[in-house]
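A.B. asks: This is the structure I want to talk about, given as structure tokens.
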Amino acid sequence: MKKILTALSGGVDSAVAAALLRERGFTVGGATMLLRPGGEGEAGDAAAAARRLGLPFHCFRWAAAFDEAVIAPFAAAYRAGDTPNPCVFCNRAMKFGRFLDEALALGYDGVATGHYARVERDAASGRYVLKTARDAAKDQSYMLAVLTQAQLARTVLPLGELTKAEVRALAAAFGLAEQQGKKDSQDICFVPDGDYLAFLERWGLTPQPGRFRDASGADLGPHRGYEAYTIGQRRGLGLSGPARQYVLAKPRPDVVVGGPEGLYTDRVTVAEMNWIPWEAPPAAFPARARLRYSARPAPCTVRPADGGAVLTFDDPQRAVTPGQTAVLYDGELVLGAGRIVKSDKSGR
């Protein structure tokens, strides 16, 4: 690939990714996706970075497509009782889906982003593989683990071998002072204040009424809406009593609460697995699984089944949450990822 369209967010990482590719001899363009009201500022920052680097720039106004591909599934997942990670399926559907399609239509060979991860081609199998970033503190392979072979084949990740400190130093060297000082985004882009329930209500979702119950089924009173709670949640329950209460389960429309001991399970069922190193995985194999972006990978045994997998952990895991993404690793190699649908105790 020689002609690459870089997804520019207006921040330092994507701008440095574009500058590095240009320095390495690629023909580089820049583009941003305008996906929501209020995103014009970021789009302006992205355009300014492209001008500073002397890159042709495109702005794709895809709010309707974003609503359909990301926000509607996000709302549906909460309605069903799950706690989704919208950044994961946004990457597959938008940034490495529609964005890649548009790049190819414009004559580019592939796309680049400022993600901290690595894509390589395995010489033995010919398949494209995803690996963790050299900078473990910034690794974003979790967010990319649902990408297909076709998407990985057209993806360049220039920051995979760099640390954040090195990227900021490069930003200064490339004259990207404005991007150099910007802070990393920590929130869901369309819920910047973190109040996802208020966002869902504005979207048109009416919270489902129900009751708090203990593990025996006793009624502890009404809750403020089924969608307002996630597994492991302690704050904001509004329950009185001497012991701390946590959300243990969500048998719609009720919410089961109890002590922290009820949060631990050692068997997790995952659906819609995307396998990366193989077309068909082994019948059973050891791996380390990350059950949310902020979690540490934990040792488990993986048994693929019915398009998904069952993960049996060496040690019980806390607050496993349906709707989150389970990503499997073998050292630095990402083996695959799928959506958590259930957790329970193996009884071994």
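Going through the structure tokens in order, the chains are called A, B, and so on, while each chain numbers its residues from 1 and the ligands are numbered from 1 in the order shown.
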Can you tell me which residues surround stretch 30-38 of chain A at a distance of at most 9 Å, considering only C-alpha atoms, apart from same-chain residues fewer than 5 positions away, and format the answer as a PDB file with N, CA, C and O atoms, in the first residue's frame?
C.D. replies:
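Done, and the output landed in out_34.pdb:
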```pdb
ATOM      1  N   ILE A   4      -2.503   6.279   1.425  1.00  0.00           N
ATOM      2  CA  ILE A   4      -3.229   6.003   2.672  1.00  0.00           C
ATOM      3  C   ILE A   4      -4.059   7.217   3.082  1.00  0.00           C
ATOM      4  O   ILE A   4      -3.569   8.345   3.090  1.00  0.00           O
ATOM      5  N   LEU A   5      -5.300   6.959   3.456  1.00  0.00           N
ATOM      6  CA  LEU A   5      -6.157   7.991   4.022  1.00  0.00           C
ATOM      7  C   LEU A   5      -6.146   7.840   5.542  1.00  0.00           C
ATOM      8  O   LEU A   5      -6.526   6.789   6.071  1.00  0.00           O
ATOM      9  N   THR A   6      -5.699   8.885   6.217  1.00  0.00           N
ATOM     10  CA  THR A   6      -5.600   8.844   7.676  1.00  0.00           C
ATOM     11  C   THR A   6      -6.845   9.443   8.308  1.00  0.00           C
ATOM     12  O   THR A   6      -7.269  10.541   7.943  1.00  0.00           O
ATOM     13  N   ALA A   7      -7.421   8.733   9.263  1.00  0.00           N
ATOM     14  CA  ALA A   7      -8.561   9.237  10.015  1.00  0.00           C
ATOM     15  C   ALA A   7      -8.052  10.230  11.044  1.00  0.00           C
ATOM     16  O   ALA A   7      -7.383   9.850  12.009  1.00  0.00           O
ATOM     17  N   LEU A   8      -8.345  11.505  10.830  1.00  0.00           N
ATOM     18  CA  LEU A   8      -7.885  12.572  11.718  1.00  0.00           C
ATOM     19  C   LEU A   8      -9.001  12.965  12.679  1.00  0.00           C
ATOM     20  O   LEU A   8     -10.105  13.287  12.258  1.00  0.00           O
ATOM     21  N   SER A   9      -8.686  12.953  13.969  1.00  0.00           N
ATOM     22  CA  SER A   9      -9.666  13.323  14.989  1.00  0.00           C
ATOM     23  C   SER A   9      -9.495  14.747  15.468  1.00  0.00           C
ATOM     24  O   SER A   9     -10.349  15.275  16.177  1.00  0.00           O
ATOM     25  N   GLY A  10      -8.368  15.357  15.128  1.00  0.00           N
ATOM     26  CA  GLY A  10      -8.031  16.661  15.677  1.00  0.00           C
ATOM     27  C   GLY A  10      -7.054  16.581  16.825  1.00  0.00           C
ATOM     28  O   GLY A  10      -6.561  17.597  17.306  1.00  0.00           O
ATOM     29  N   ALA A  15      -2.739  12.912  14.104  1.00  0.00           N
ATOM     30  CA  ALA A  15      -1.924  13.851  13.339  1.00  0.00           C
ATOM     31  C   ALA A  15      -0.498  13.329  13.182  1.00  0.00           C
ATOM     32  O   ALA A  15       0.090  13.399  12.091  1.00  0.00           O
ATOM     33  N   ALA A  18      -0.345  10.508  10.607  1.00  0.00           N
ATOM     34  CA  ALA A  18      -0.313  10.999   9.233  1.00  0.00           C
ATOM     35  C   ALA A  18       1.068  11.537   8.876  1.00  0.00           C
ATOM     36  O   ALA A  18       1.595  11.267   7.784  1.00  0.00           O
ATOM     37  N   ALA A  43     -13.825  18.544  14.001  1.00  0.00           N
ATOM     38  CA  ALA A  43     -13.606  18.498  12.557  1.00  0.00           C
ATOM     39  C   ALA A  43     -12.728  19.661  12.110  1.00  0.00           C
ATOM     40  O   ALA A  43     -11.854  19.504  11.242  1.00  0.00           O
ATOM     41  N   ALA A  46      -9.182  18.855  12.998  1.00  0.00           N
ATOM     42  CA  ALA A  46      -8.645  17.870  12.059  1.00  0.00           C
ATOM     43  C   ALA A  46      -8.255  18.541  10.745  1.00  0.00           C
ATOM     44  O   ALA A  46      -7.191  18.264  10.179  1.00  0.00           O
ATOM     45  N   ALA A  47      -9.110  19.434  10.257  1.00  0.00           N
ATOM     46  CA  ALA A  47      -8.806  20.157   9.017  1.00  0.00           C
ATOM     47  C   ALA A  47      -7.554  21.013   9.182  1.00  0.00           C
ATOM     48  O   ALA A  47      -6.718  21.098   8.268  1.00  0.00           O
ATOM     49  N   ALA A  49      -5.027  20.428  11.209  1.00  0.00           N
ATOM     50  CA  ALA A  49      -3.862  19.535  11.216  1.00  0.00           C
ATOM     51  C   ALA A  49      -3.494  19.125   9.794  1.00  0.00           C
ATOM     52  O   ALA A  49      -2.308  19.071   9.440  1.00  0.00           O
ATOM     53  N   ALA A  50      -4.494  18.840   8.974  1.00  0.00           N
ATOM     54  CA  ALA A  50      -4.226  18.471   7.586  1.00  0.00           C
ATOM     55  C   ALA A  50      -3.560  19.627   6.832  1.00  0.00           C
ATOM     56  O   ALA A  50      -2.606  19.429   6.072  1.00  0.00           O
ATOM     57  N   LEU A  55      -1.777  18.183   3.636  1.00  0.00           N
ATOM     58  CA  LEU A  55      -2.495  17.000   3.150  1.00  0.00           C
ATOM     59  C   LEU A  55      -3.842  17.402   2.547  1.00  0.00           C
ATOM     60  O   LEU A  55      -4.513  18.300   3.067  1.00  0.00           O
ATOM     61  N   PRO A  56      -4.264  16.730   1.494  1.00  0.00           N
ATOM     62  CA  PRO A  56      -5.656  16.903   1.062  1.00  0.00           C
ATOM     63  C   PRO A  56      -6.578  16.424   2.173  1.00  0.00           C
ATOM     64  O   PRO A  56      -6.247  15.485   2.908  1.00  0.00           O
ATOM     65  N   PHE A  57      -7.743  17.064   2.311  1.00  0.00           N
ATOM     66  CA  PHE A  57      -8.612  16.770   3.449  1.00  0.00           C
ATOM     67  C   PHE A  57     -10.045  16.551   2.986  1.00  0.00           C
ATOM     68  O   PHE A  57     -10.548  17.242   2.101  1.00  0.00           O
ATOM     69  N   HIS A  58     -10.697  15.579   3.617  1.00  0.00           N
ATOM     70  CA  HIS A  58     -12.095  15.255   3.333  1.00  0.00           C
ATOM     71  C   HIS A  58     -12.875  15.270   4.648  1.00  0.00           C
ATOM     72  O   HIS A  58     -12.365  14.845   5.682  1.00  0.00           O
ATOM     73  N   CYS A  59     -14.096  15.739   4.612  1.00  0.00           N
ATOM     74  CA  CYS A  59     -14.988  15.665   5.769  1.00  0.00           C
ATOM     75  C   CYS A  59     -16.232  14.886   5.362  1.00  0.00           C
ATOM     76  O   CYS A  59     -16.958  15.285   4.453  1.00  0.00           O
ATOM     77  N   PHE A  60     -16.441  13.759   6.013  1.00  0.00           N
ATOM     78  CA  PHE A  60     -17.577  12.896   5.701  1.00  0.00           C
ATOM     79  C   PHE A  60     -18.687  13.159   6.713  1.00  0.00           C
ATOM     80  O   PHE A  60     -18.520  12.917   7.919  1.00  0.00           O
ATOM     81  N   ARG A  61     -19.810  13.634   6.235  1.00  0.00           N
ATOM     82  CA  ARG A  61     -20.938  13.970   7.118  1.00  0.00           C
ATOM     83  C   ARG A  61     -21.880  12.777   7.182  1.00  0.00           C
ATOM     84  O   ARG A  61     -22.744  12.605   6.325  1.00  0.00           O
ATOM     85  N   TRP A  62     -21.682  11.970   8.219  1.00  0.00           N
ATOM     86  CA  TRP A  62     -22.350  10.677   8.293  1.00  0.00           C
ATOM     87  C   TRP A  62     -23.182  10.521   9.569  1.00  0.00           C
ATOM     88  O   TRP A  62     -23.226   9.451  10.167  1.00  0.00           O
ATOM     89  N   ALA A  63     -23.837  11.560   9.988  1.00  0.00           N
ATOM     90  CA  ALA A  63     -24.609  11.485  11.229  1.00  0.00           C
ATOM     91  C   ALA A  63     -25.701  10.423  11.156  1.00  0.00           C
ATOM     92  O   ALA A  63     -25.908   9.657  12.112  1.00  0.00           O
ATOM     93  N   ALA A  64     -26.404  10.347  10.036  1.00  0.00           N
ATOM     94  CA  ALA A  64     -27.494   9.368   9.919  1.00  0.00           C
ATOM     95  C   ALA A  64     -26.949   7.949   9.962  1.00  0.00           C
ATOM     96  O   ALA A  64     -27.523   7.061  10.622  1.00  0.00           O
ATOM     97  N   ALA A  65     -25.830   7.705   9.277  1.00  0.00           N
ATOM     98  CA  ALA A  65     -25.224   6.367   9.288  1.00  0.00           C
ATOM     99  C   ALA A  65     -24.719   6.006  10.675  1.00  0.00           C
ATOM    100  O   ALA A  65     -24.824   4.850  11.117  1.00  0.00           O
ATOM    101  N   PHE A  66     -24.175   6.994  11.400  1.00  0.00           N
ATOM    102  CA  PHE A  66     -23.696   6.760  12.763  1.00  0.00           C
ATOM    103  C   PHE A  66     -24.858   6.406  13.689  1.00  0.00           C
ATOM    104  O   PHE A  66     -24.755   5.493  14.519  1.00  0.00           O
ATOM    105  N   ASP A  67     -25.955   7.127  13.546  1.00  0.00           N
ATOM    106  CA  ASP A  67     -27.143   6.809  14.341  1.00  0.00           C
ATOM    107  C   ASP A  67     -27.566   5.365  14.120  1.00  0.00           C
ATOM    108  O   ASP A  67     -27.886   4.636  15.073  1.00  0.00           O
ATOM    109  N   MET A  94     -17.853   1.805  11.359  1.00  0.00           N
ATOM    110  CA  MET A  94     -17.639   3.143  10.811  1.00  0.00           C
ATOM    111  C   MET A  94     -16.177   3.381  10.431  1.00  0.00           C
ATOM    112  O   MET A  94     -15.853   3.519   9.255  1.00  0.00           O
ATOM    113  N   LYS A  95     -15.275   3.422  11.397  1.00  0.00           N
ATOM    114  CA  LYS A  95     -13.907   3.846  11.109  1.00  0.00           C
ATOM    115  C   LYS A  95     -13.169   2.872  10.197  1.00  0.00           C
ATOM    116  O   LYS A  95     -12.381   3.283   9.340  1.00  0.00           O
ATOM    117  N   PHE A  99     -15.671   4.185   6.532  1.00  0.00           N
ATOM    118  CA  PHE A  99     -14.524   5.047   6.247  1.00  0.00           C
ATOM    119  C   PHE A  99     -13.566   4.353   5.277  1.00  0.00           C
ATOM    120  O   PHE A  99     -13.075   4.967   4.313  1.00  0.00           O
ATOM    121  N   CYS A 189     -17.855   9.389  22.793  1.00  0.00           N
ATOM    122  CA  CYS A 189     -17.878  10.678  22.090  1.00  0.00           C
ATOM    123  C   CYS A 189     -19.254  11.311  22.079  1.00  0.00           C
ATOM    124  O   CYS A 189     -19.373  12.542  22.122  1.00  0.00           O
ATOM    125  N   PHE A 190     -20.313  10.508  22.028  1.00  0.00           N
ATOM    126  CA  PHE A 190     -21.649  11.095  21.964  1.00  0.00           C
ATOM    127  C   PHE A 190     -22.305  11.238  23.333  1.00  0.00           C
ATOM    128  O   PHE A 190     -23.438  11.688  23.443  1.00  0.00           O
TER     129      PHE A 190
END
```
A.B. asks: Can you pull out the residues contacting stretch 327-330 of chain A? Cut-off 6 Å, using only C-alpha atoms, and skip same-chain residues under 6 positions away; I want them as a PyMOL selection string.
C.D. replies: chain A and resi 287-290+336-337
A.B. asks: Out of stretch 95-213 of chain A, which residues get strand (DSSP E or B) from DSSP, as number ranges by chain?
C.D. replies: A: 110-112, 117-121, 128-132, 155-156, 211-213
A.B. asks: What's around A:Glu161 at 12 Å? Count only C-alpha atoms, leave out sequence neighbours fewer than 4 positions away in its own chain, and write the answer as JSON, numbers by chain.
C.D. replies: {"A": [17, 114, 115, 116, 117, 118, 119, 131, 132, 133, 134, 135, 136, 138, 139, 157, 165, 166, 167]}
A.B. asks: Could you work out how far atom CA of A:Arg339 lies from atom CA of A:Pro73, giving the answer in Å with one decimal?
C.D. replies: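 Computing it gives 13.0 Å between the two atoms.
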A.B. asks: Report, in Å with one decimal, the straight-line distance from atom CA of A:Arg235 to atom CA of A:Pro209.
C.D. replies: 18.8 Å
A.B. asks: For stretch 92-180 of chain A against stretch 269-275 of chain A, with a cut-off of 12 Å and counting only C-alpha atoms, what is the closest atom pair and its distance in Å to one decimal for every residue that makes the cut, ordered by chain and number, as a Markdown table?
C.D. replies:
```
| residue | atom | partner | partner_atom | distance |
| --- | --- | --- | --- | --- |
| A:Arg92 | CA | A:Asn274 | CA | 11.2 |
| A:Arg127 | CA | A:Trp275 | CA | 10.9 |
| A:Tyr128 | CA | A:Trp275 | CA | 11.0 |
| A:Val129 | CA | A:Trp275 | CA | 9.9 |
| A:Leu130 | CA | A:Trp275 | CA | 10.6 |
| A:Leu144 | CA | A:Asn274 | CA | 10.8 |
| A:Ala145 | CA | A:Asn274 | CA | 7.6 |
| A:Val146 | CA | A:Asn274 | CA | 5.7 |
| A:Leu147 | CA | A:Asn274 | CA | 7.6 |
| A:Thr148 | CA | A:Asn274 | CA | 7.2 |
| A:Gln149 | CA | A:Trp275 | CA | 9.2 |
```
A.B. asks: Using only C-alpha atoms, which residue out of A:Asp266, A:Glu261, A:Glu201, A:Glu279 lies closest to A:Ser343?
C.D. replies: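 So, comparing all the options, the nearest one is A:Asp266.
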A.B. asks: Which of these residues is nearest to A:Asp219, using only C-alpha atoms: A:Glu68, A:Leu239, A:Ile276, A:Leu205?
C.D. replies: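 Selected residue with least distance to A:Asp219: A:Leu239.
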A.B. asks: Between A:Ala171, A:Ala319, A:Ala77, A:Glu40, which has the minimum distance to A:Arg234 (counting only C-alpha atoms)?
C.D. replies: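 Nearest to A:Arg234: A:Ala319.
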A.B. asks: Give the answer as one residue: which of A:Gly238, A:Gly160, A:Gly110, A:Gly97 has the shortest atom-to-atom distance to A:Ala69, using only C-alpha atoms?
C.D. replies: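 Looking only at the distances to A:Ala69, the closest residue turns out to be A:Gly97.
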A.B. asks: Please determine, counting only C-alpha atoms, which residue among A:Leu237, A:Val28, A:Ile231, A:Leu20 has the shortest atom-to-atom distance to A:Val111.
C.D. replies: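 Result for the nearest residue to A:Val111: A:Val28.
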A.B. asks: Looking at A:Arg303, A:Arg52, A:Lys3, A:Arg296, which one is nearest to A:Leu176, with distances taken over only C-alpha atoms?
C.D. replies: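 Between A:Arg303, A:Arg52, A:Lys3, A:Arg296, the residue approaching A:Leu176 most closely is A:Arg52.
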